[in-house]
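> Starting off with a structure, shown below.
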Amino acid sequence: MHRIRFIAQKELYHILRDFRSLIIVIIMPVMMIFLYGYAINMDIERVTLAVVDFDHTVESRQFTERFYRSDYFSRPDRAADLSDPDRLLRSGEAAAILYIPAGFGQALTRNEDFEVGMTVDGSDASLASAVQAYSNGVLVEFMRDRLPPGFEIPGVTISQQVLYNPDLKSSHFLVPGLVAVILMMISALMTSMTIAREKESGTMEQLLTTPVKPREILIGKLLPYVVIAFLDGILVILFARVVFGVPFVGSQTLLLFFGLIYVTTALSIGILISSIAKTLQEATMLAQIATMLPSVMLSGFIFAIKNMPFVLQALSNLVAAKFFVTIIRGIMLKGAAFTVLVPQAVALILLMLVLMTVAARKFKTRVG
């Protein structure tokens, strides 16, 4: 027993002295419970709803306000351009559009049958189903409040049309997001090992004795992986298209263009990790931690970012996969145009520049 106790004691000292092990043992569980606890929120709330009101009466405004007063719907973040409502869905500025035709108020006053329209973004199948249920609930509640007890609710209905994924297949929603997550993990993992491998094998010193500058080493190491990751992306998208039957209604050239920006950003994460890590094992571990959990939890791949606390919403802006999930779903399912996706592309480019700059500085510091 004494020997076992001494061995256990020695191992405990090793663990306490190893800062990296302590991070895994203490920080990882805390981070995971924090992210899982807050990010996994299956409730769908504050669905962005735009309203096109052709009636302009007190009744139509009351009907609109009833939607926004509920916990289910919210107004678009900025004043919506209602001249092209479909663009709101393609750009993601709204998840649904409610159309109130002229004559709505008059029909309500006379208790006549009437129909209002609603177009729902079906690229997120669970959200589309929730919008259908919520909107019917709000309508029934609105009508019930207007009538005295015992009166029959007149036949006002919401005629709903689901765009982009009319069958509400979950694979059409999940597979494009999965492509973004896989590309991020593979790309970052590939490049995270490149410099670490040189350090571990002792060939980095030989490389540094050449007249090549550190930034040229970084870019030279990055370029082959850009080509490999780009081809990897095409393969994964083809697989998603052929095996899972995910529709592709947008421009393939546009997706390749944005895909190139995305994989370069993902590779930059790997380069940064590689410039920091001392060993191959450390680089692999850091790449998995930095890409897998944030890409799954904070990209909108599964869980709606809008339902998360403000802190996690802010952190999600540092996750490159978040922007590409919007891009790939927008192009494959909605046929989104270049102008609609420019903000996501700009965000990816900024992330890439920051990552490469920090990686170059870290690499230069270590070289010196």
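Numbering starts fresh at 1 for the residues of each chain in the structure tokens, the chains themselves are lettered A, B, ... in the order given, and ligands are numbered from 1 as they appear.
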To test your reading of the structure, identify every residue in stretch 108-325 of chain A that backbone DSSP assigns to alpha helix (DSSP H), and report it as a VMD selection string.
chain A and resid 108 to 109 125 to 146 170 to 201 204 to 208 214 to 244 252 to 276 280 to 297 310 to 316 320 to 325
> Using only C-alpha atoms, which residues of stretch 148-265 of chain A come within 12 Å of stretch 334-355 of chain A, and what is the closest atom pair for each, with the distance in Å to one decimal? Give it as CSV, sorted by chain and residue number.

residue,atom,partner,partner_atom,distance
A:Val162,CA,A:Lys334,CA,11.8
A:Leu163,CA,A:Lys334,CA,8.2
A:Tyr164,CA,A:Lys334,CA,5.6
A:Asn165,CA,A:Lys334,CA,8.9
A:Pro166,CA,A:Lys334,CA,11.8
A:His172,CA,A:Lys334,CA,11.3
A:Phe173,CA,A:Lys334,CA,11.4
A:Ala188,CA,A:Leu355,CA,11.9
A:Leu218,CA,A:Leu355,CA,11.9
A:Val246,CA,A:Lys334,CA,11.7
A:Pro247,CA,A:Lys334,CA,9.3
A:Phe248,CA,A:Gly335,CA,7.7
A:Val249,CA,A:Gly335,CA,5.1
A:Gly250,CA,A:Gly335,CA,3.6
A:Ser251,CA,A:Gly335,CA,6.9
A:Gln252,CA,A:Gly335,CA,9.8
A:Thr253,CA,A:Phe338,CA,10.5
A:Leu254,CA,A:Phe338,CA,7.1
A:Leu255,CA,A:Phe338,CA,9.5
A:Leu256,CA,A:Phe338,CA,11.9
A:Phe257,CA,A:Ala345,CA,9.7
A:Phe258,CA,A:Ala345,CA,6.8
A:Gly259,CA,A:Ala345,CA,9.7
A:Leu260,CA,A:Ala345,CA,10.4
A:Ile261,CA,A:Ile349,CA,6.9
A:Tyr262,CA,A:Leu348,CA,6.6
A:Val263,CA,A:Met352,CA,9.7
A:Thr264,CA,A:Met352,CA,7.2
A:Thr265,CA,A:Met352,CA,4.6
> Extract, using only C-alpha atoms, all DNA, RNA and protein residues at most 12 Å from A:Lys221, discarding same-chain residues fewer than 5 positions from it, and format them as a VMD selection string.
chain A and resid 190 to 198 207 214 to 216 226 to 227 267 to 268 270 to 271 274 to 275
> Can you write out the residues you just picked, keeping C-alpha atoms, as a tab-separated table (two decimals), in the first residue's frame?

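What follows is the written file out-v7.tsv:
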chain	number	residue	atom	x	y	z
A	190	MET	CA	-3.92	20.02	-40.77
A	191	THR	CA	-2.03	23.29	-40.36
A	192	SER	CA	-1.75	23.11	-36.58
A	193	MET	CA	0.79	20.34	-37.00
A	194	THR	CA	2.95	21.91	-39.69
A	195	ILE	CA	5.27	24.12	-37.60
A	196	ALA	CA	4.98	21.96	-34.49
A	197	ARG	CA	6.24	19.01	-36.52
A	198	GLU	CA	9.28	21.02	-37.61
A	207	LEU	CA	14.87	26.23	-41.98
A	214	PRO	CA	9.38	34.13	-41.03
A	215	ARG	CA	6.25	35.47	-42.77
A	216	GLU	CA	7.38	33.80	-46.00
A	226	VAL	CA	-5.28	25.94	-48.99
A	227	VAL	CA	-5.42	23.78	-52.13
A	267	LEU	CA	-6.10	27.24	-41.88
A	268	SER	CA	-4.97	30.51	-40.26
A	270	GLY	CA	-4.14	26.15	-37.35
A	271	ILE	CA	-1.10	28.25	-38.25
A	274	SER	CA	1.15	25.74	-34.62
A	275	SER	CA	3.24	28.84	-33.93
> May I have the residues within 12 Å of A:Glu65 as a list of chain:residue names, using only C-alpha atoms and disregarding those fewer than 2 positions away in the same chain?
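Here the qualifying residues turn out to be A:Leu49, A:Ala50, A:Val51, A:Asp53, A:Val58, A:Glu59, A:Ser60, A:Arg61, A:Gln62, A:Phe63, A:Phe67, A:Tyr68, A:Arg69, A:Ser70, A:Asp71, A:Phe73, A:Ser74, A:Arg75, A:Val138, A:Leu139, A:Phe142.
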> Can you tell me how far atom CA of A:Glu45 sits from atom CA of A:Asn307, in Å to one decimal?
6.4 Å
> In Å, with one decimal, what is the gap from atom CA of A:Lys278 to atom CA of A:Lys199?
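If I compute the distance from atom CA of A:Lys278 to atom CA of A:Lys199, I get 6.9 Å.
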> List the neighbours of stretch 98-101 of chain A out to 7 Å using only C-alpha atoms; skip same-chain residues closer than 2 positions along the sequence, and give me the result as a PyMOL selection string.
chain A and resi 50-55+96+103-104+116-119
> I'd like the contact shell of stretch 289-302 of chain A - 6 Å cut-off, only C-alpha atoms, skipping same-chain residues fewer than 5 positions apart - returned as a list in words.
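Contacts, in chain order: Gly177, Val181, Met185, Ser316, Ala321 and Lys322 of chain A.
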> Using N, CA and C atoms, can you write the selected residues to a file as a PDB file, in the first residue's frame?

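Just written: again-v6.pdb:
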ATOM      1  N   GLY A 177     -24.628  22.903 -42.449  1.00  0.00           N
ATOM      2  CA  GLY A 177     -23.918  23.339 -41.252  1.00  0.00           C
ATOM      3  C   GLY A 177     -22.813  22.369 -40.886  1.00  0.00           C
ATOM      4  N   VAL A 181     -18.664  22.825 -40.150  1.00  0.00           N
ATOM      5  CA  VAL A 181     -17.967  22.345 -38.957  1.00  0.00           C
ATOM      6  C   VAL A 181     -16.816  21.414 -39.345  1.00  0.00           C
ATOM      7  N   MET A 185     -12.717  21.955 -38.656  1.00  0.00           N
ATOM      8  CA  MET A 185     -11.910  21.047 -37.839  1.00  0.00           C
ATOM      9  C   MET A 185     -10.739  20.457 -38.640  1.00  0.00           C
ATOM     10  N   SER A 316     -19.699  34.450 -30.180  1.00  0.00           N
ATOM     11  CA  SER A 316     -19.939  33.754 -31.461  1.00  0.00           C
ATOM     12  C   SER A 316     -19.359  34.530 -32.647  1.00  0.00           C
ATOM     13  N   ALA A 321     -16.893  29.622 -38.151  1.00  0.00           N
ATOM     14  CA  ALA A 321     -17.937  28.732 -38.679  1.00  0.00           C
ATOM     15  C   ALA A 321     -19.307  29.406 -38.673  1.00  0.00           C
ATOM     16  N   LYS A 322     -19.523  30.324 -37.752  1.00  0.00           N
ATOM     17  CA  LYS A 322     -20.820  31.014 -37.687  1.00  0.00           C
ATOM     18  C   LYS A 322     -21.122  31.707 -39.014  1.00  0.00           C
TER      19      LYS A 322
END
> Do you know which residues are at most 7 Å from stretch 237-240 of chain A counting only C-alpha atoms, after dropping those on the same chain fewer than 5 positions away, and could you put them as a PyMOL selection string?
chain A and resi 175+179+245-246
> Would you write out those residues with C-alpha atoms, as a CSV table (one decimal), in the first residue's frame?

chain,number,residue,atom,x,y,z
A,175,VAL,CA,-25.9,18.9,-43.5
A,179,VAL,CA,-20.0,20.9,-43.9
A,245,GLY,CA,-30.0,15.2,-51.5
A,246,VAL,CA,-29.5,18.7,-50.1
> Tell me which of A:Leu127, A:Ile276, A:Ile158, A:Met184 sits closest to A:Glu115, counting only C-alpha atoms.
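Once distances to A:Glu115 are computed over only C-alpha atoms, the minimum belongs to A:Ile158.
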